[in-house]
$ cat final.cif   # mmCIF, C-alpha atoms and all ligand atoms
data_target
loop_
_atom_site.label_atom_id
_atom_site.label_comp_id
_atom_site.auth_asym_id
_atom_site.auth_seq_id
_atom_site.Cartn_x
_atom_site.Cartn_y
_atom_site.Cartn_z
CA MET S 1 -29.68 114.15 35.89
CA GLN S 2 -26.91 114.68 38.42
CA ARG S 3 -28.31 116.39 41.45
CA ILE S 4 -31.71 116.14 43.10
CA ALA S 5 -33.17 117.64 46.27
CA VAL S 6 -35.62 116.42 48.88
CA LEU S 7 -37.84 118.28 51.34
CA THR S 8 -40.63 117.56 53.82
CA SER S 9 -43.51 120.03 54.04
CA GLY S 10 -46.83 120.62 55.83
CA GLY S 11 -47.74 118.45 58.83
CA ASP S 12 -45.08 115.95 59.89
CA ALA S 13 -45.85 112.24 59.84
CA PRO S 14 -44.05 109.17 61.19
CA GLY S 15 -42.19 107.48 58.36
CA MET S 16 -41.04 110.70 56.68
CA ASN S 17 -37.51 109.91 57.87
CA ALA S 18 -37.64 106.46 56.30
CA ALA S 19 -38.70 108.13 53.04
CA ILE S 20 -35.83 110.66 53.20
CA ARG S 21 -33.41 107.81 53.88
CA ALA S 22 -34.69 105.88 50.88
CA VAL S 23 -34.46 108.88 48.55
CA VAL S 24 -30.91 109.69 49.68
CA ARG S 25 -29.56 106.16 49.57
CA LYS S 26 -31.27 105.14 46.35
CA ALA S 27 -30.01 108.30 44.62
CA ILE S 28 -26.46 107.78 45.85
CA TYR S 29 -26.64 104.13 44.78
CA HIS S 30 -27.28 105.39 41.25
CA GLY S 31 -24.48 107.96 41.42
CA LEU S 32 -26.68 111.03 41.97
CA GLU S 33 -26.01 113.82 44.44
CA VAL S 34 -28.71 114.74 46.92
CA MET S 35 -29.39 118.07 48.61
CA GLY S 36 -31.52 118.21 51.75
CA ILE S 37 -33.78 121.27 52.00
CA LYS S 38 -34.68 122.18 55.59
CA ARG S 39 -38.13 123.34 56.82
CA GLY S 40 -39.96 122.67 53.57
CA TYR S 41 -40.49 125.60 51.22
CA SER S 42 -39.20 128.00 53.92
CA GLY S 43 -35.72 126.53 53.69
CA PHE S 44 -35.98 126.55 49.91
CA ILE S 45 -36.62 130.32 49.95
CA GLU S 46 -33.92 130.99 52.56
CA ALA S 47 -31.26 128.72 51.01
CA ASP S 48 -31.25 126.45 54.07
CA ILE S 49 -29.93 123.63 51.92
CA GLU S 50 -27.19 121.11 52.59
CA PRO S 51 -25.67 118.19 50.73
CA MET S 52 -26.65 114.79 52.11
CA ASN S 53 -24.60 111.62 52.15
CA LEU S 54 -25.08 108.02 53.23
CA ARG S 55 -24.29 108.93 56.83
CA SER S 56 -26.74 111.87 56.98
CA VAL S 57 -29.54 109.32 57.09
CA THR S 58 -27.96 106.82 59.47
CA ASP S 59 -30.07 105.77 62.44
CA ILE S 60 -33.27 107.55 61.37
CA ILE S 61 -35.49 104.80 59.91
CA HIS S 62 -37.13 104.22 63.29
CA ARG S 63 -37.57 107.85 64.31
CA GLY S 64 -40.81 109.82 64.10
CA GLY S 65 -40.90 113.40 62.77
CA THR S 66 -38.50 114.50 60.06
CA ILE S 67 -34.77 115.26 60.29
CA LEU S 68 -35.24 117.89 57.56
CA HIS S 69 -37.94 119.56 59.68
CA THR S 70 -41.13 120.85 58.15
CA ALA S 71 -42.93 124.17 57.90
CA ARG S 72 -45.80 126.05 56.38
CA ASN S 73 -44.86 129.09 54.33
CA GLU S 74 -47.20 131.77 53.01
CA GLN S 75 -44.54 133.54 50.92
CA PHE S 76 -44.08 130.44 48.78
CA LYS S 77 -47.70 130.75 47.70
CA THR S 78 -46.76 133.97 45.86
CA GLY S 79 -44.89 134.26 42.57
CA GLN S 80 -42.31 136.42 44.31
CA GLY S 81 -41.62 133.69 46.91
CA ARG S 82 -41.23 131.06 44.21
CA ALA S 83 -38.87 133.35 42.28
CA MET S 84 -36.58 133.28 45.32
CA VAL S 85 -36.78 129.50 45.25
CA TRP S 86 -35.81 129.53 41.59
CA GLU S 87 -32.65 131.47 42.42
CA ASN S 88 -31.71 128.71 44.84
CA ILE S 89 -32.56 125.97 42.36
CA GLU S 90 -30.02 127.56 40.01
CA ARG S 91 -27.49 128.36 42.71
CA PHE S 92 -27.47 124.78 44.04
CA GLY S 93 -27.78 123.13 40.63
CA ILE S 94 -30.95 121.23 41.55
CA GLN S 95 -32.34 119.26 38.59
CA GLY S 96 -35.18 117.35 40.24
CA LEU S 97 -37.19 117.61 43.45
CA VAL S 98 -38.85 115.09 45.77
CA VAL S 99 -41.55 116.63 47.96
CA ILE S 100 -42.87 114.63 50.92
CA GLY S 101 -46.07 116.10 52.34
CA GLY S 102 -49.81 116.55 51.93
CA ASP S 103 -51.91 118.01 49.14
CA GLY S 104 -50.98 121.63 49.99
CA SER S 105 -47.33 120.73 49.48
CA PHE S 106 -48.26 119.00 46.21
CA LYS S 107 -49.96 122.17 44.94
CA GLY S 108 -46.77 124.06 45.80
CA ALA S 109 -44.73 121.55 43.78
CA LEU S 110 -47.11 121.95 40.82
CA ALA S 111 -46.83 125.75 40.98
CA LEU S 112 -43.05 125.54 40.99
CA ASN S 113 -43.09 123.16 38.06
CA ALA S 114 -45.50 125.31 36.05
CA GLU S 115 -43.29 128.37 36.37
CA TYR S 116 -39.78 126.95 36.30
CA HIS S 117 -40.15 123.46 34.76
CA LEU S 118 -38.31 121.78 37.62
CA PRO S 119 -39.22 118.06 37.51
CA VAL S 120 -41.16 117.20 40.69
CA ILE S 121 -42.16 113.88 42.23
CA CYS S 122 -44.32 113.87 45.37
CA LEU S 123 -44.73 111.30 48.15
CA PRO S 124 -47.91 111.30 50.26
CA GLY S 125 -46.80 111.93 53.84
CA THR S 126 -49.68 112.63 56.21
CA ILE S 127 -51.27 110.77 59.11
CA ASP S 128 -54.77 111.59 57.81
CA ASN S 129 -54.57 109.40 54.68
CA ASP S 130 -56.61 112.13 52.96
CA ILE S 131 -54.82 111.89 49.61
CA SER S 132 -56.66 110.43 46.63
CA GLU S 133 -55.27 107.73 44.32
CA THR S 134 -53.39 105.90 47.06
CA ASP S 135 -54.66 103.34 49.56
CA TYR S 136 -52.20 104.50 52.21
CA THR S 137 -50.14 107.57 53.01
CA ILE S 138 -46.89 107.50 54.98
CA GLY S 139 -47.78 107.89 58.69
CA PHE S 140 -51.39 106.73 58.62
CA ASP S 141 -50.72 103.19 59.82
CA THR S 142 -48.63 104.44 62.74
CA ALA S 143 -51.32 106.96 63.73
CA VAL S 144 -54.01 104.27 63.63
CA ASN S 145 -51.85 102.00 65.79
CA SER S 146 -51.31 104.81 68.29
CA VAL S 147 -55.07 105.36 68.56
CA VAL S 148 -55.73 101.62 68.94
CA GLU S 149 -53.18 101.48 71.74
CA ALA S 150 -54.97 104.36 73.46
CA ILE S 151 -58.35 102.65 72.99
CA ASN S 152 -56.94 99.48 74.59
CA LYS S 153 -55.78 101.41 77.64
CA ILE S 154 -58.99 103.38 77.97
CA ARG S 155 -61.01 100.18 77.62
CA ASP S 156 -59.22 98.71 80.64
CA THR S 157 -60.23 101.59 82.84
CA ALA S 158 -63.68 101.93 81.23
CA SER S 159 -64.55 98.33 82.11
CA SER S 160 -63.65 98.90 85.76
CA HIS S 161 -65.85 101.99 86.09
CA GLU S 162 -68.93 101.40 83.96
CA ARG S 163 -68.61 104.49 81.87
CA THR S 164 -69.02 105.64 78.31
CA PHE S 165 -65.75 106.86 76.88
CA ILE S 166 -65.64 109.22 73.94
CA ILE S 167 -62.29 109.38 72.14
CA GLU S 168 -61.76 112.29 69.77
CA VAL S 169 -59.18 111.60 67.07
CA MET S 170 -57.62 113.64 64.25
CA GLY S 171 -59.28 113.96 60.86
CA ARG S 172 -60.79 117.26 59.77
CA GLU S 173 -61.90 116.31 56.30
CA THR S 174 -61.72 112.54 56.41
CA GLY S 175 -62.67 110.11 59.14
CA LEU S 176 -60.20 107.45 58.08
CA ILE S 177 -58.21 107.42 61.32
CA ALA S 178 -61.50 107.16 63.27
CA LEU S 179 -62.86 104.43 61.01
CA HIS S 180 -59.76 102.24 60.97
CA SER S 181 -58.93 102.67 64.66
CA GLY S 182 -62.60 102.28 65.64
CA LEU S 183 -62.87 99.02 63.73
CA ALA S 184 -59.55 97.71 65.04
CA GLY S 185 -60.32 98.84 68.59
CA GLY S 186 -63.84 97.40 68.64
CA ALA S 187 -65.53 100.75 69.24
CA GLU S 188 -69.28 100.65 69.82
CA SER S 189 -69.86 103.69 67.59
CA ILE S 190 -67.73 105.62 65.12
CA ILE S 191 -68.55 109.19 64.09
CA ILE S 192 -66.97 110.44 60.85
CA PRO S 193 -67.47 113.55 58.70
CA GLU S 194 -68.38 111.53 55.60
CA TYR S 195 -71.52 110.07 57.11
CA PRO S 196 -74.28 111.84 59.06
CA TYR S 197 -74.57 110.57 62.60
CA ASP S 198 -77.75 110.18 64.60
CA ILE S 199 -77.25 110.85 68.30
CA GLU S 200 -80.61 109.26 69.09
CA LYS S 201 -79.49 105.99 67.49
CA ILE S 202 -76.12 106.10 69.24
CA CYS S 203 -77.88 106.56 72.59
CA SER S 204 -80.37 103.75 72.02
CA ARG S 205 -77.47 101.50 71.13
CA LEU S 206 -75.70 102.43 74.35
CA ILE S 207 -78.84 101.74 76.40
CA ARG S 208 -79.42 98.42 74.65
CA SER S 209 -75.87 97.23 75.17
CA TYR S 210 -76.04 98.34 78.83
CA ARG S 211 -79.23 96.32 79.30
CA GLN S 212 -77.53 93.34 77.67
CA GLY S 213 -74.87 93.45 80.35
CA SER S 214 -72.11 95.50 78.76
CA SER S 215 -70.35 97.50 81.44
CA HIS S 216 -68.80 100.14 79.20
CA SER S 217 -68.75 101.61 75.72
CA ILE S 218 -66.22 103.33 73.53
CA ILE S 219 -67.18 105.89 70.91
CA VAL S 220 -64.56 107.16 68.45
CA VAL S 221 -65.21 110.63 67.00
CA ALA S 222 -63.26 112.26 64.16
CA GLU S 223 -62.60 115.92 65.03
CA GLY S 224 -64.10 117.05 61.71
CA ALA S 225 -67.45 115.35 62.43
CA ALA S 226 -68.22 116.63 65.91
CA SER S 227 -66.61 117.76 69.13
CA GLY S 228 -66.00 114.89 71.53
CA VAL S 229 -66.96 117.13 74.45
CA GLU S 230 -70.33 118.01 72.86
CA ILE S 231 -71.06 114.36 72.06
CA GLY S 232 -70.24 113.47 75.67
CA LYS S 233 -72.62 116.14 77.00
CA GLU S 234 -75.45 115.06 74.71
CA ILE S 235 -75.11 111.39 75.64
CA LYS S 236 -75.10 112.22 79.33
CA GLN S 237 -78.18 114.40 78.93
CA ARG S 238 -80.11 111.78 76.98
CA THR S 239 -79.06 108.62 78.84
CA GLY S 240 -77.82 109.76 82.23
CA PHE S 241 -74.68 107.67 81.69
CA ASP S 242 -71.41 108.95 83.04
CA THR S 243 -69.31 110.02 80.05
CA LYS S 244 -65.60 110.75 79.88
CA VAL S 245 -63.96 112.46 76.92
CA THR S 246 -60.36 111.98 75.82
CA ILE S 247 -58.91 114.15 73.05
CA LEU S 248 -55.88 112.31 71.76
CA GLY S 249 -54.42 115.31 69.90
CA HIS S 250 -50.78 115.35 68.96
CA LEU S 251 -49.81 112.00 70.38
CA GLN S 252 -51.29 110.62 67.16
CA ARG S 253 -48.64 112.41 65.13
CA GLY S 254 -45.56 111.26 66.97
CA GLY S 255 -43.94 107.98 67.80
CA ASN S 256 -41.78 105.46 66.02
CA PRO S 257 -43.18 104.56 62.62
CA SER S 258 -44.78 101.13 62.31
CA ALA S 259 -43.03 98.48 60.23
CA PHE S 260 -45.68 99.03 57.55
CA ASP S 261 -44.95 102.77 57.33
CA ARG S 262 -41.20 102.17 57.17
CA ILE S 263 -41.60 99.70 54.33
CA LEU S 264 -44.10 101.90 52.50
CA ALA S 265 -41.83 104.95 52.86
CA SER S 266 -38.79 102.97 51.69
CA MET S 267 -40.61 101.69 48.60
CA MET S 268 -42.05 105.12 47.79
CA GLY S 269 -38.74 106.93 48.28
CA SER S 270 -36.98 104.48 46.02
CA LYS S 271 -39.68 104.78 43.36
CA ALA S 272 -39.44 108.60 43.43
CA VAL S 273 -35.77 108.45 42.48
CA GLU S 274 -36.46 105.93 39.72
CA LEU S 275 -39.13 108.21 38.30
CA LEU S 276 -36.87 111.27 38.29
CA MET S 277 -34.09 109.26 36.66
CA SER S 278 -36.40 108.05 33.91
CA GLY S 279 -37.45 111.61 33.11
CA GLU S 280 -40.87 111.49 34.76
CA ASN S 281 -42.40 114.66 36.11
CA LYS S 282 -45.50 115.83 38.03
CA LYS S 283 -46.18 112.41 39.52
CA MET S 284 -47.16 111.22 42.97
CA VAL S 285 -46.04 107.81 44.11
CA GLY S 286 -49.16 106.00 45.27
CA TYR S 287 -49.74 102.58 46.79
CA THR S 288 -52.55 100.53 45.30
CA ASP S 289 -53.16 96.78 45.41
CA GLY S 290 -49.80 96.19 47.08
CA GLN S 291 -47.78 98.03 44.42
CA VAL S 292 -46.11 101.44 44.35
CA VAL S 293 -47.28 103.24 41.25
CA ALA S 294 -46.80 106.63 39.56
CA ILE S 295 -49.95 108.75 39.41
CA ASP S 296 -50.58 112.05 37.70
CA LEU S 297 -50.09 114.75 40.35
CA GLU S 298 -52.79 117.06 39.01
CA GLN S 299 -55.29 114.21 39.14
CA VAL S 300 -54.34 113.57 42.77
CA CYS S 301 -54.88 117.26 43.62
CA ASN S 302 -58.22 117.43 41.81
CA ARG S 303 -59.83 114.40 43.39
CA LYS S 304 -61.11 113.89 46.90
CA LYS S 305 -60.32 110.71 48.79
CA LYS S 306 -63.34 108.44 49.12
CA ILE S 307 -63.98 106.52 52.29
CA ASP S 308 -64.97 102.86 52.11
CA LEU S 309 -68.54 102.90 53.39
CA ASN S 310 -68.58 99.08 53.43
CA MET S 311 -65.97 99.25 56.15
CA TYR S 312 -68.14 101.73 58.06
CA THR S 313 -71.14 99.40 57.76
CA LEU S 314 -69.03 96.45 58.86
CA ALA S 315 -67.82 98.31 61.95
CA GLY S 316 -71.49 98.93 62.81
CA ILE S 317 -72.45 95.26 62.38
CA LEU S 318 -69.51 93.96 64.41
CA SER S 319 -70.09 96.30 67.31
CA MET S 320 -73.56 94.91 68.15
P1 LIG L 1 -50.00 119.81 53.62
O1 LIG L 1 -48.93 119.64 52.61
O2 LIG L 1 -49.81 118.91 54.81
O3 LIG L 1 -51.40 119.74 53.01
P2 LIG L 1 -50.26 122.74 53.80
O4 LIG L 1 -51.60 122.78 53.12
O5 LIG L 1 -50.05 123.62 54.97
O6 LIG L 1 -49.83 121.28 54.26
O7 LIG L 1 -49.18 123.11 52.66
C1 LIG L 1 -47.79 123.16 52.96
C2 LIG L 1 -47.14 124.31 52.23
O8 LIG L 1 -47.28 124.13 50.82
C3 LIG L 1 -47.79 125.68 52.49
O9 LIG L 1 -47.33 126.30 53.67
C4 LIG L 1 -47.33 126.47 51.26
O10 LIG L 1 -46.01 126.92 51.39
C5 LIG L 1 -47.38 125.39 50.18
N1 LIG L 1 -48.67 125.47 49.46
C6 LIG L 1 -49.89 125.05 49.88
N2 LIG L 1 -50.85 125.31 48.97
C7 LIG L 1 -50.23 125.94 47.94
C8 LIG L 1 -50.68 126.51 46.69
N3 LIG L 1 -51.97 126.44 46.31
N4 LIG L 1 -49.74 127.08 45.88
C9 LIG L 1 -48.44 127.15 46.26
N5 LIG L 1 -47.97 126.65 47.42
C10 LIG L 1 -48.84 126.06 48.25
#
$ encode --input "final.cif" --output "structure tokens"
Amino acid sequence: MQRIAVLTSGGDAPGMNAAIRAVVRKAIYHGLEVMGIKRGYSGFIEADIEPMNLRSVTDIIHRGGTILHTARNEQFKTGQGRAMVWENIERFGIQGLVVIGGDGSFKGALALNAEYHLPVICLPGTIDNDISETDYTIGFDTAVNSVVEAINKIRDTASSHERTFIIEVMGRETGLIALHSGLAGGAESIIIPEYPYDIEKICSRLIRSYRQGSSHSIIVVAEGAASGVEIGKEIKQRTGFDTKVTILGHLQRGGNPSAFDRILASMMGSKAVELLMSGENKKMVGYTDGQVVAIDLEQVCNRKKKIDLNMYTLAGILSM
């Protein structure tokens, strides 16, 4: 193998740059050439492809987003779109591909491999951590830290005003950001899509903790479980407590990657190059029990991430 390519696709996540840097530098270290494909599969179709060198990835390890940019592309989902990609694979002499993205991007990589036999290795890059067969995805730790920072700030003002604050966080399918940030931020209640919530119970908890002298409460809601605004209205109706809702939105996606995400991305990027060099194909680099490991990509796409309900129970016990 002489020349590989790398792209970022789907939603951006902090740490993607650290992963690109690792892929580029590790490949060059082993004497490979690396092409950078811009805007995910869009750039692949449109031949927006450039050679990368050691300097192309200078000064990016600490930056959020992705220097290669990312996109969603409907045309790539068709055989005709992928045929255009194949022309560019041949034109640029690409012999292996590293895809950094979420499970949609992985399915795209599998489709490309099925039709044109291009070896593909995927890295999980998404703040949601909604990818199976890996404990962490690149960007999740940073997103959780951003939410915890917001909870800290909101808690300061909440305690001065005796209010109930509802914080809506990202997570359509999985409540992992809500669960981890809620536990780390000491939230009184956490609402996630994986577990049915009982508004009556949440309200009686609020009333009990108010009677016990607590001046304020924080409730973290994953967007996929309920609307923060609706939860706020219901609590106000049932308890009479003043409620304030904060929707954190895109600030969870940005920011400098945490040290953990930079290290994870560096290890995963390096592993991806090793796998391509050793002739591996259709693998995702996962992180389990402190190790980066190669996992069958189809298996990853066919399984749903499970949430640790013990952690959910623990958060409930500790917030008494
Ligand atoms: P993510 O990778 O974050 O899950 P998307 O689901 O939007 O993001 O997928 C990113 C891109 O991957 C899509 O815009 C499309 O080009 C490609 N893709 C997604 N699903 C498929 C599929 N089933 N077959 C081929 N390509 C796909």
$ closest_residue --input "final.cif" --among "S:Gly31, S:Gly108, S:Gly224, S:Gly279" --to "Thr78 of chain S" --atoms "only C-alpha atoms"
S:Gly108
$ residues_near_ligand --input "final.cif" --ligand "ligand LIG 1 (chain L)" --cutoff "6 Å" --atoms "only C-alpha atoms and all ligand atoms" --output "number ranges by chain"
S: 9-11, 41, 72-74, 76-77, 101-105, 107-108, 111
$ residues_around --input "final.cif" --residues "Ser319 of chain S" --least-positions-apart "2" --cutoff "7 Å" --atoms "all atoms listed in the file" --output "list in words"
Gly186, Ala187, Glu188, Ala315, Gly316 and Ile317 of chain S
$ atom_distance --input "final.cif" --atom1 "atom CA of Pro14 of chain S" --atom2 "atom CA of Thr142 of chain S"
6.8 Å
$ closest_residue --input "final.cif" --among "S:His216, S:Arg303, S:Lys233, S:Arg63" --to "Pro257 of chain S" --atoms "only C-alpha atoms"
S:Arg63
$ residues_around --input "final.cif" --residues "Leu112 of chain S" --least-positions-apart "2" --cutoff "10 Å" --atoms "only C-alpha atoms" --output "PyMOL selection string"
chain S and resi 76-77+79+82-83+85-86+106-110+114-120
$ closest_residue --input "final.cif" --among "S:Ile45, S:Ile207, S:Ala5, S:Ile138" --to "Lys236 of chain S" --atoms "all atoms listed in the file"
S:Ile207
$ residues_around --input "final.cif" --residues "Ile67 of chain S" --least-positions-apart "3" --cutoff "9 Å" --atoms "all atoms listed in the file" --output "PDB file with C-alpha atoms, keeping the file's coordinate frame"
ATOM      1  CA  MET S  16     -41.040 110.700  56.680  1.00  0.00           C
ATOM      2  CA  ASN S  17     -37.510 109.910  57.870  1.00  0.00           C
ATOM      3  CA  ILE S  20     -35.830 110.660  53.200  1.00  0.00           C
ATOM      4  CA  LYS S  38     -34.680 122.180  55.590  1.00  0.00           C
ATOM      5  CA  VAL S  57     -29.540 109.320  57.090  1.00  0.00           C
ATOM      6  CA  ILE S  60     -33.270 107.550  61.370  1.00  0.00           C
ATOM      7  CA  ARG S  63     -37.570 107.850  64.310  1.00  0.00           C
ATOM      8  CA  GLY S  64     -40.810 109.820  64.100  1.00  0.00           C
ATOM      9  CA  THR S  70     -41.130 120.850  58.150  1.00  0.00           C
TER      10      THR S  70
END
$ closest_residue --input "final.cif" --among "S:Gly65, S:Gly93, S:Gly81, S:Gly232" --to "Gly255 of chain S" --atoms "only C-alpha atoms"
S:Gly65
$ closest_residue --input "final.cif" --among "S:Ala22, S:Leu297, S:Leu7, S:Ala226" --to "Ile131 of chain S" --atoms "only C-alpha atoms"
S:Leu297
$ closest_residue --input "final.cif" --among "S:Ala259, S:Val229, S:Val144, S:Ala222" --to "Thr174 of chain S" --atoms "only C-alpha atoms"
S:Ala222
$ residues_around --input "final.cif" --residues "Asn145 of chain S" --least-positions-apart "2" --cutoff "12 Å" --atoms "all atoms listed in the file" --output "ChimeraX atom specification"
/S:14,127,139-143,147-152,177-178,180-185,251-261
$ atom_distance --input "final.cif" --atom1 "atom CA of Glu162 of chain S" --atom2 "atom CA of Arg211 of chain S"
12.4 Å
$ atom_distance --input "final.cif" --atom1 "atom CA of His250 of chain S" --atom2 "atom CA of Thr137 of chain S"
17.8 Å
$ residues_around --input "final.cif" --residues "Ile202 of chain S" --least-positions-apart "3" --cutoff "9 Å" --atoms "only C-alpha atoms" --output "ChimeraX atom specification"
/S:188-189,197-199,205-207,235
$ closest_atom_pairs --input "final.cif" --of "segment 6-97 of chain S" --to "segment 274-278 of chain S" --cutoff "9 Å" --atoms "only C-alpha atoms" --output "CSV"
residue,atom,partner,partner_atom,distance
S:Lys26,CA,S:Glu274,CA,8.5
S:Ala27,CA,S:Glu274,CA,8.4
S:Gly96,CA,S:Leu276,CA,6.6
S:Leu97,CA,S:Leu276,CA,8.2
